[in-house]
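Below you'll find the structure, written out as structure tokens, and then a few comments.
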Amino acid sequence: MSEKNIVVIPGDGIGEEITSAAVRILNKIASKSNITLTFEKHLAGGAAIDAYGVPLPDSTIKAAKNADAVLLGAVGGPKWDSVPPEIRAEKAILGLRKELGLYANLRPIKVSEALIEFSPLKAAAISGVDILLVRELNGGIYYGAKNEAAMVNGVEQASDLEIYSAPEVRRIVTLACQAAKLRRNQVVSVDKANVLASSRLWRKVANETAKTFADVSLSHLYVDNCAMQLILAPKQFDVIVTNNLFGDILSDEAAVLTGSIGMLPSASIGDGTGLYEPIHGSAPDIAGLGLANPVGTILSAAMLLRYSLGAEQAANQIEQAVEQVLVEGYRTADLYKHGSTKVTTEEMAGLIEGKL
Ligand code: IPM
Ligand code: MG
């Protein structure tokens with residue numbers, strides 16, 4: 001395999017610690033296989049606001065576009081909460097998603113048998129859950145026209161537009177159906193078609209699209225019902241496909257079913273370079289203390305190998321290594337309970353590295 005260039009964007013808060021941990025794992029796996037990786041660090045989020053006055057410098061965009069994949073930690077923090085909306089740290093993520101054409105966000109929700117006791121659900125309800133949440137990432141209310149708060153006829157008001165085109169729905173539902181074919185052939189499309197026009201278009205196009213996949217069965221749930229079903233009976237789900245905003249909300253809900261949001265990876269893919277990041281935030285309150293759980297980022301690195309470098313075997317090895325370390329009872333602070341062995345961020349990375 002030729003040399004692959006990975007752009008690493010640590011971001012803010014715990015970003016530095018968790019991306020270092022993942023790079024360490026990537027280096028180890030590369031040394032064990034015929035993959036050559038080079039890493040280039042770039043700034044985004046609050047760190048970039050401090051250095052350049054903008055959350056997403058052109059140099060970072062350019063490097064990301066030219067890279068084979070991007071590994072991101074997390075951005076934002078209270079330090080930058082009061083900056084003007086157009087340079088908020090979150091703009092870094094939204095800008096990267098747009099610039100790289102990342103229209104699909106894959107969030108696998110899988111429960112490690114070793115961590116079942118940490119789930120807020122009863123063991124019988126959660127054991128065996130294996131969901132792939134496919135979130136549309138380049139459209140909807142996140143990118144629709146915004147009117148910041150202003151006086152209109154003497155009343156202060158603000159608005160955000162939820163807008164979807166048929167091709168945008170088609171490409172994300174197609175991707176969800178393709179993913180389902182490699183799993184259990186079931187797609188649940190989530191919308192609010194009883195109220196929203198954009199959801200009625202979504203549902204119509206989803207039906208048309210799924211018809212072209214003979215083996216895949218498509219059903220629909222309203223988002224409020226889906227939120228409830230995820231708690232009541234999460235095992236019913238295989239692939240869930242939904243819009244940008246509903247996907248943001250449902251993926252946090254689904255994530256915590258597994259016990260800790262610190263465990264979950266994500267892949268954002270589309271037209272250009274893929275971007276990989278844990279689904280949790282920058283946790284500024286614990287930054288630099290060795291308390292952060294690096295597993296979400298390490299599993300994101302596994303997804304990077306799988307989706308951007310075609311290195312399925314290497315990805316599987318990382319996932320197995322993580323599971324082994326958990327089974328042996330090693331835990332970062334977020335998952336520590338009496339009887340297990342508490343380890344720091346770096347120690348966790350070292351243990352996983354040792355299994356490779
Ligand atoms: C996520 C995050 C982002 C989002 C924020 C940081 C803009 O919550 O990736 O889920 O809302 O998409
Ligand atoms: Mg979110």
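The way I read the labels, and the way they are meant: chains A, B, ... in the order of the structure tokens, residue 1 as the first residue of every chain, and ligand 1 as the first ligand shown, with later ones counted on from there.
Near ligand 1, at distances of 9 Å or less and with only C-alpha atoms and all ligand atoms counted, sit the residues A:Ala74, A:Val75, A:Gly76, A:Ala89, A:Glu90, A:Lys91, A:Ala92, A:Ile93, A:Leu94, A:Asn105, A:Leu137, A:Tyr142, A:Asn244, A:Leu245, A:Gly247, A:Asp248, A:Ile249, A:Ser251, A:Asp252, A:Ser266, A:Glu277, A:Pro278, A:Ile279, A:His280, A:Gly281.
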Problem - Which of region 63-293 of chain A DSSP labels strand (DSSP E or B), written as an MDAnalysis selection string - result: chainID A and resid 69:74 104:110 130:136 146:152 155:160 186:191 217:222 239:242 265:269 274:278
Practice task
Skip Ala47 (chain A) itself and residues of its chain fewer than 3 positions away, then list as an MDAnalysis selection string all residues within 7 Å of it, counting only C-alpha atoms.
Solution key: chainID A and resid 11:12 43:44 50:51
May I have the residues from that selection written out with N, CA and C atoms, as a PDB file, in the first residue's frame?
ATOM      1  N   GLY A  11      -8.117  19.836  18.069  1.00  0.00           N
ATOM      2  CA  GLY A  11      -9.207  20.702  18.523  1.00  0.00           C
ATOM      3  C   GLY A  11      -8.929  21.247  19.907  1.00  0.00           C
ATOM      4  N   ASP A  12      -9.919  21.149  20.794  1.00  0.00           N
ATOM      5  CA  ASP A  12      -9.821  21.790  22.111  1.00  0.00           C
ATOM      6  C   ASP A  12     -10.035  20.770  23.245  1.00  0.00           C
ATOM      7  N   LEU A  43      -4.906  23.074  13.127  1.00  0.00           N
ATOM      8  CA  LEU A  43      -5.764  23.674  14.146  1.00  0.00           C
ATOM      9  C   LEU A  43      -7.188  23.878  13.640  1.00  0.00           C
ATOM     10  N   ALA A  44      -8.133  23.737  14.553  1.00  0.00           N
ATOM     11  CA  ALA A  44      -9.525  24.112  14.281  1.00  0.00           C
ATOM     12  C   ALA A  44     -10.202  24.342  15.620  1.00  0.00           C
ATOM     13  N   ASP A  50      -7.986  31.285  18.776  1.00  0.00           N
ATOM     14  CA  ASP A  50      -6.887  31.920  19.511  1.00  0.00           C
ATOM     15  C   ASP A  50      -5.710  32.257  18.597  1.00  0.00           C
ATOM     16  N   ALA A  51      -5.384  31.338  17.686  1.00  0.00           N
ATOM     17  CA  ALA A  51      -4.186  31.527  16.858  1.00  0.00           C
ATOM     18  C   ALA A  51      -4.436  32.423  15.646  1.00  0.00           C
TER      19      ALA A  51
END
Exercise for the section: Do a neighbour search on region 154-167 of chain A at 10 Å with only C-alpha atoms, toss out local chain neighbours closer than 6 positions, and write the hits as a list of chain:residue names. Expected result: A:Asn138, A:Gly139, A:Gly140, A:Ile141, A:Tyr142, A:Tyr143, A:Gly144, A:Ala145, A:Lys146, A:Asn147, A:Glu148, A:Val173, A:Leu196, A:Ala197, A:Ser198, A:Ser199, A:Leu201, A:Trp202, A:Lys204, A:Val205, A:Ala206, A:Asn243, A:Asn244, A:Leu245
Problem - Counting only C-alpha atoms and all ligand atoms, the option among A:Ala315, A:Leu218, A:Ala21, A:Ala254 closest to ligand 2 - result: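 With only C-alpha atoms and all ligand atoms as the atom set, the closest residue is A:Ala254.
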Problem - Residue nearest ligand 2 among A:Ala255, A:Ala214, A:Ala149, A:Leu232 (counting only C-alpha atoms and all ligand atoms) - result: A:Ala255
Exercise for the section: Please identify all polymer residues within 8 Å of region 110-114 of chain A, counting only C-alpha atoms, omitting same-chain residues fewer than 5 positions from it, and present them as an MDAnalysis selection string. Expected result: chainID A and resid 126:131 258 323 326:327 329
Take the residues from that selection and put them in a file with N, CA and C atoms, as a PDB file, in the first residue's frame.
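Full text of again_8.pdb as output:
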ATOM      1  N   ILE A 126     -30.577  -4.395  26.777  1.00  0.00           N
ATOM      2  CA  ILE A 126     -29.466  -3.777  26.046  1.00  0.00           C
ATOM      3  C   ILE A 126     -28.517  -4.807  25.428  1.00  0.00           C
ATOM      4  N   SER A 127     -28.424  -5.983  26.035  1.00  0.00           N
ATOM      5  CA  SER A 127     -27.463  -6.979  25.565  1.00  0.00           C
ATOM      6  C   SER A 127     -27.747  -7.328  24.094  1.00  0.00           C
ATOM      7  N   GLY A 128     -26.730  -7.235  23.278  1.00  0.00           N
ATOM      8  CA  GLY A 128     -26.880  -7.594  21.868  1.00  0.00           C
ATOM      9  C   GLY A 128     -27.306  -6.452  20.961  1.00  0.00           C
ATOM     10  N   VAL A 129     -27.521  -5.267  21.505  1.00  0.00           N
ATOM     11  CA  VAL A 129     -27.903  -4.136  20.649  1.00  0.00           C
ATOM     12  C   VAL A 129     -26.782  -3.826  19.654  1.00  0.00           C
ATOM     13  N   ASP A 130     -27.155  -3.664  18.408  1.00  0.00           N
ATOM     14  CA  ASP A 130     -26.184  -3.364  17.352  1.00  0.00           C
ATOM     15  C   ASP A 130     -26.900  -2.527  16.291  1.00  0.00           C
ATOM     16  N   ILE A 131     -26.763  -1.207  16.437  1.00  0.00           N
ATOM     17  CA  ILE A 131     -27.491  -0.269  15.571  1.00  0.00           C
ATOM     18  C   ILE A 131     -26.484   0.529  14.758  1.00  0.00           C
ATOM     19  N   THR A 258     -25.234   2.667  25.673  1.00  0.00           N
ATOM     20  CA  THR A 258     -24.095   1.764  25.779  1.00  0.00           C
ATOM     21  C   THR A 258     -23.311   1.970  27.069  1.00  0.00           C
ATOM     22  N   GLU A 323     -11.968  -4.461  22.887  1.00  0.00           N
ATOM     23  CA  GLU A 323     -12.866  -5.349  23.621  1.00  0.00           C
ATOM     24  C   GLU A 323     -12.088  -6.193  24.649  1.00  0.00           C
ATOM     25  N   LEU A 326     -11.189  -4.200  27.700  1.00  0.00           N
ATOM     26  CA  LEU A 326     -12.374  -3.976  28.543  1.00  0.00           C
ATOM     27  C   LEU A 326     -12.750  -5.240  29.303  1.00  0.00           C
ATOM     28  N   VAL A 327     -12.687  -6.369  28.612  1.00  0.00           N
ATOM     29  CA  VAL A 327     -13.014  -7.643  29.257  1.00  0.00           C
ATOM     30  C   VAL A 327     -12.059  -7.910  30.421  1.00  0.00           C
ATOM     31  N   GLY A 329     -11.013  -5.812  32.367  1.00  0.00           N
ATOM     32  CA  GLY A 329     -11.401  -4.989  33.512  1.00  0.00           C
ATOM     33  C   GLY A 329     -10.722  -3.632  33.621  1.00  0.00           C
TER      34      GLY A 329
END
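Computed from the coordinates, the CA of Thr19 (chain A) to CA of Ser282 (chain A) distance equals 11.5 Å.
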Exercise for the section: Show which residues sit within 10 Å of Arg171 (chain A), as a PyMOL selection string. Count only C-alpha atoms, and ignore same-chain residues fewer than 5 positions away. Expected result: chain A and resi 103-104+136+166+176-177+205-206+209+270
Residues just named, written with N, CA, C and O atoms as a PDB file, in the first residue's frame:
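Output contents, as saved in result.pdb:
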ATOM      1  N   TYR A 103     -21.633  14.125   3.519  1.00  0.00           N
ATOM      2  CA  TYR A 103     -23.091  14.140   3.668  1.00  0.00           C
ATOM      3  C   TYR A 103     -23.623  13.003   4.547  1.00  0.00           C
ATOM      4  O   TYR A 103     -24.801  12.969   4.873  1.00  0.00           O
ATOM      5  N   ALA A 104     -22.771  12.061   4.901  1.00  0.00           N
ATOM      6  CA  ALA A 104     -23.258  10.923   5.699  1.00  0.00           C
ATOM      7  C   ALA A 104     -22.431  10.759   6.963  1.00  0.00           C
ATOM      8  O   ALA A 104     -21.207  10.718   6.911  1.00  0.00           O
ATOM      9  N   GLU A 136     -27.941  12.272   8.048  1.00  0.00           N
ATOM     10  CA  GLU A 136     -27.627  13.197   6.951  1.00  0.00           C
ATOM     11  C   GLU A 136     -26.839  14.348   7.547  1.00  0.00           C
ATOM     12  O   GLU A 136     -27.177  14.862   8.606  1.00  0.00           O
ATOM     13  N   ALA A 166     -34.843  16.402  -3.025  1.00  0.00           N
ATOM     14  CA  ALA A 166     -34.967  14.963  -3.283  1.00  0.00           C
ATOM     15  C   ALA A 166     -33.601  14.289  -3.473  1.00  0.00           C
ATOM     16  O   ALA A 166     -33.361  13.219  -2.895  1.00  0.00           O
ATOM     17  N   ALA A 176     -27.773   4.286   3.331  1.00  0.00           N
ATOM     18  CA  ALA A 176     -28.304   3.504   4.458  1.00  0.00           C
ATOM     19  C   ALA A 176     -28.714   2.101   3.981  1.00  0.00           C
ATOM     20  O   ALA A 176     -28.467   1.103   4.669  1.00  0.00           O
ATOM     21  N   CYS A 177     -29.333   2.038   2.798  1.00  0.00           N
ATOM     22  CA  CYS A 177     -29.747   0.721   2.266  1.00  0.00           C
ATOM     23  C   CYS A 177     -28.531  -0.136   1.935  1.00  0.00           C
ATOM     24  O   CYS A 177     -28.524  -1.348   2.199  1.00  0.00           O
ATOM     25  N   VAL A 205     -39.341  10.134  -0.883  1.00  0.00           N
ATOM     26  CA  VAL A 205     -38.101   9.770  -1.578  1.00  0.00           C
ATOM     27  C   VAL A 205     -37.477   8.524  -0.946  1.00  0.00           C
ATOM     28  O   VAL A 205     -36.918   7.672  -1.646  1.00  0.00           O
ATOM     29  N   ALA A 206     -37.604   8.390   0.358  1.00  0.00           N
ATOM     30  CA  ALA A 206     -37.069   7.195   1.027  1.00  0.00           C
ATOM     31  C   ALA A 206     -37.759   5.950   0.484  1.00  0.00           C
ATOM     32  O   ALA A 206     -37.106   4.945   0.174  1.00  0.00           O
ATOM     33  N   THR A 209     -36.570   5.211  -3.053  1.00  0.00           N
ATOM     34  CA  THR A 209     -35.181   4.748  -3.063  1.00  0.00           C
ATOM     35  C   THR A 209     -35.079   3.299  -2.594  1.00  0.00           C
ATOM     36  O   THR A 209     -34.391   2.477  -3.199  1.00  0.00           O
ATOM     37  N   GLY A 270     -18.444  11.015   2.322  1.00  0.00           N
ATOM     38  CA  GLY A 270     -19.179  11.687   1.253  1.00  0.00           C
ATOM     39  C   GLY A 270     -18.357  11.765  -0.013  1.00  0.00           C
ATOM     40  O   GLY A 270     -17.779  10.773  -0.434  1.00  0.00           O
TER      41      GLY A 270
END
Practice task
Using DSSP on the backbone, list every residue of region 150-313 of chain A that comes out as helix (DSSP H, G or I), and give them as a PyMOL selection string.
Solution key: chain A and resi 166-181+197-211+223-232+234-236+244-256+261-263+284-286+295-307+312-313
Practice task
Extract, using only C-alpha atoms, all DNA, RNA and protein residues at most 12 Å from region 312-314 of chain A, discarding same-chain residues fewer than 6 positions from it, and format them as an NGL selection string.
Solution key: :A and (25-35 or 299 or 301-306 or 320-321 or 356)
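Each of A:Ile298, A:Ala227, A:Ala267, A:Leu250 was compared to ligand 2 using only C-alpha atoms and all ligand atoms, and A:Leu250 turns out to be the nearest.
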Handout entry: Residue with smallest distance to ligand 2 - pool A:His42, A:Arg24, A:Lys65, A:Arg135, counting only C-alpha atoms and all ligand atoms
Key =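 For ligand 2, the nearest of the given residues is A:Arg135.
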